[in-house]
$ cat query.cif   # mmCIF, C-alpha atoms and all ligand atoms
data_entry
#
loop_
_atom_site.label_atom_id
_atom_site.label_comp_id
_atom_site.auth_asym_id
_atom_site.auth_seq_id
_atom_site.Cartn_x
_atom_site.Cartn_y
_atom_site.Cartn_z
CA MET A 221 0.00 0.00 0.00
CA PRO A 222 1.49 3.38 -0.94
CA ALA A 223 2.31 5.72 1.90
CA GLU A 224 0.20 8.84 2.17
CA ARG A 225 0.90 12.08 3.87
CA THR A 226 -1.05 15.20 4.48
CA ALA A 227 -0.39 17.73 1.75
CA THR A 228 1.07 20.94 3.07
CA SER A 229 1.99 24.17 1.37
CA GLY A 230 5.56 25.18 0.79
CA THR A 231 7.13 21.76 1.21
CA GLU A 232 9.61 20.19 -1.18
CA ALA A 233 8.13 17.55 -3.43
CA PRO A 234 9.72 14.12 -3.14
CA ALA A 235 10.37 12.35 -6.44
CA GLY A 236 7.83 10.01 -7.93
CA ILE A 237 4.65 11.65 -6.66
CA ARG A 238 1.43 10.98 -8.54
CA VAL A 239 -2.03 12.40 -8.10
CA VAL A 240 -4.82 9.87 -8.37
CA ALA A 241 -8.60 10.20 -8.36
CA ARG A 242 -11.60 8.18 -7.30
CA PRO A 243 -14.23 8.88 -9.95
CA ASP A 244 -16.81 6.89 -8.00
CA THR A 245 -16.90 9.50 -5.23
CA CYS A 246 -16.42 12.57 -7.44
CA GLU A 247 -19.42 14.90 -7.51
CA GLY A 248 -18.32 16.64 -10.69
CA ASN A 249 -18.30 20.20 -9.36
CA ALA A 250 -15.15 20.84 -11.45
CA LEU A 251 -13.21 22.67 -8.73
CA CYS A 252 -10.08 20.71 -9.61
CA MET A 253 -10.57 21.23 -13.33
CA LEU A 254 -11.05 24.96 -12.92
CA ALA A 255 -7.90 25.19 -10.81
CA LEU A 256 -5.72 22.93 -13.02
CA PRO A 257 -7.40 22.44 -16.41
CA ASP A 258 -4.32 20.83 -17.95
CA ARG A 259 -4.33 18.14 -15.29
CA PHE A 260 -7.96 17.35 -14.46
CA VAL A 261 -10.95 16.99 -16.77
CA LEU A 262 -14.47 15.62 -16.40
CA ASP A 263 -15.75 12.74 -18.47
CA GLU A 264 -19.18 12.46 -20.08
CA ARG A 265 -20.66 11.45 -16.70
CA SER A 266 -19.08 14.50 -15.00
CA ARG A 267 -16.56 12.38 -13.15
CA VAL A 268 -12.97 13.42 -12.73
CA VAL A 269 -10.26 12.05 -15.01
CA VAL A 270 -6.60 12.69 -14.25
CA GLU A 271 -4.90 13.63 -17.51
CA VAL A 272 -1.47 14.23 -16.00
CA ALA A 273 -0.70 12.16 -12.91
CA GLU A 274 2.98 12.93 -12.36
CA VAL A 275 3.60 15.78 -9.93
CA ASP A 276 6.92 17.58 -10.13
CA GLU A 277 8.25 20.12 -7.68
CA ALA A 278 6.97 23.11 -9.64
CA ASP A 279 3.40 21.76 -9.58
CA TYR A 280 3.39 20.32 -6.10
CA ASP A 281 1.75 23.18 -4.18
CA ASP A 282 -0.98 23.67 -6.80
CA VAL A 283 -1.80 19.96 -6.89
CA ALA A 284 -1.72 19.76 -3.10
CA ALA A 285 -4.22 22.64 -2.98
CA ALA A 286 -6.51 20.84 -5.44
CA VAL A 287 -6.35 17.71 -3.29
CA ARG A 288 -7.15 19.70 -0.13
CA ASN A 289 -9.97 21.61 -1.82
CA CYS A 290 -11.79 18.61 -3.27
CA PRO A 291 -14.96 18.53 -1.15
CA THR A 292 -15.44 14.80 -1.55
CA GLY A 293 -11.88 13.67 -0.90
CA SER A 294 -11.74 12.13 -4.35
CA LEU A 295 -8.17 13.22 -5.03
CA ARG A 296 -5.05 12.06 -3.27
CA MET A 297 -1.33 12.02 -3.78
CA GLU A 298 0.68 8.80 -3.84
CA PHE A 299 4.32 8.89 -2.80
S1 LIG A 301 -12.88 18.78 -6.97
FE1 LIG A 301 -13.26 16.65 -6.32
S2 LIG A 301 -15.49 16.38 -6.47
FE2 LIG A 301 -14.93 18.22 -7.66
S3 LIG A 301 -14.66 17.47 -9.77
FE3 LIG A 301 -12.64 17.45 -8.80
S4 LIG A 301 -12.43 15.35 -7.95
FE4 LIG A 301 -14.59 15.68 -8.41
#

$ encode --input "query.cif" --output "structure tokens"
Amino acid sequence: MPAERTATSGTEAPAGIRVVARPDTCEGNALCMLALPDRFVLDERSRVVVEVAEVDEADYDDVAAAVRNCPTGSLRMEF
């Protein structure tokens, strides 16, 4: 099982981080897509699809914010 940690702002991103989604719990409010449209999209059922899973250091804080701001907890980072 991959280790998880609480996403925090301003931390260095370890290598090999991925963001993953649970479409079954997504409510399709598009908050993640509006914040990071190159990374998250909604499918025809308005469920999240991760287009770019790899998270590099430059993107880490923005992705961490999207994970924190998902109201259904449907996004998480894997380390
Ligand atoms: S923010 Fe969460 S609930 Fe909203 S579309 Fe993205 S994954 Fe789904």

$ residues_near_ligand --input "query.cif" --ligand "ligand LIG 301 (chain A)" --cutoff "10 Å" --atoms "all atoms listed in the file" --output "PyMOL selection string"
chain A and resi 240-256+260-263+266-270+286-296

$ atom_distance --input "query.cif" --atom1 "CA of Phe299 (chain A)" --atom2 "CA of Asp258 (chain A)"
21.1 Å

$ atom_distance --input "query.cif" --atom1 "CA of Glu271 (chain A)" --atom2 "CA of Ala235 (chain A)"
18.9 Å

$ atom_distance --input "query.cif" --atom1 "CA of Val283 (chain A)" --atom2 "CA of Pro257 (chain A)"
11.3 Å

$ closest_residue --input "query.cif" --among "A:Ala278, A:Ala285, A:Arg265, A:Ala273" --to "Glu298 (chain A)" --atoms "only C-alpha atoms"
A:Ala273

$ residues_around --input "query.cif" --residues "Met297 (chain A)" --least-positions-apart "4" --cutoff "7 Å" --atoms "all atoms listed in the file" --output "PDB file with C-alpha atoms, keeping the file's coordinate frame"
ATOM      1  CA  GLU A 224       0.200   8.840   2.170  1.00  0.00           C
ATOM      2  CA  ILE A 237       4.650  11.650  -6.660  1.00  0.00           C
ATOM      3  CA  ARG A 238       1.430  10.980  -8.540  1.00  0.00           C
ATOM      4  CA  VAL A 239      -2.030  12.400  -8.100  1.00  0.00           C
ATOM      5  CA  VAL A 240      -4.820   9.870  -8.370  1.00  0.00           C
TER       6      VAL A 240
END

$ axis_aligned_box --input "query.cif" --around "region 289-299 of chain A" --padding-each-side "4 Å" --output "JSON"
{"center_x": -5.6, "center_y": 15.2, "center_z": -3.0, "size_x": 27.8, "size_y": 20.8, "size_z": 12.1}
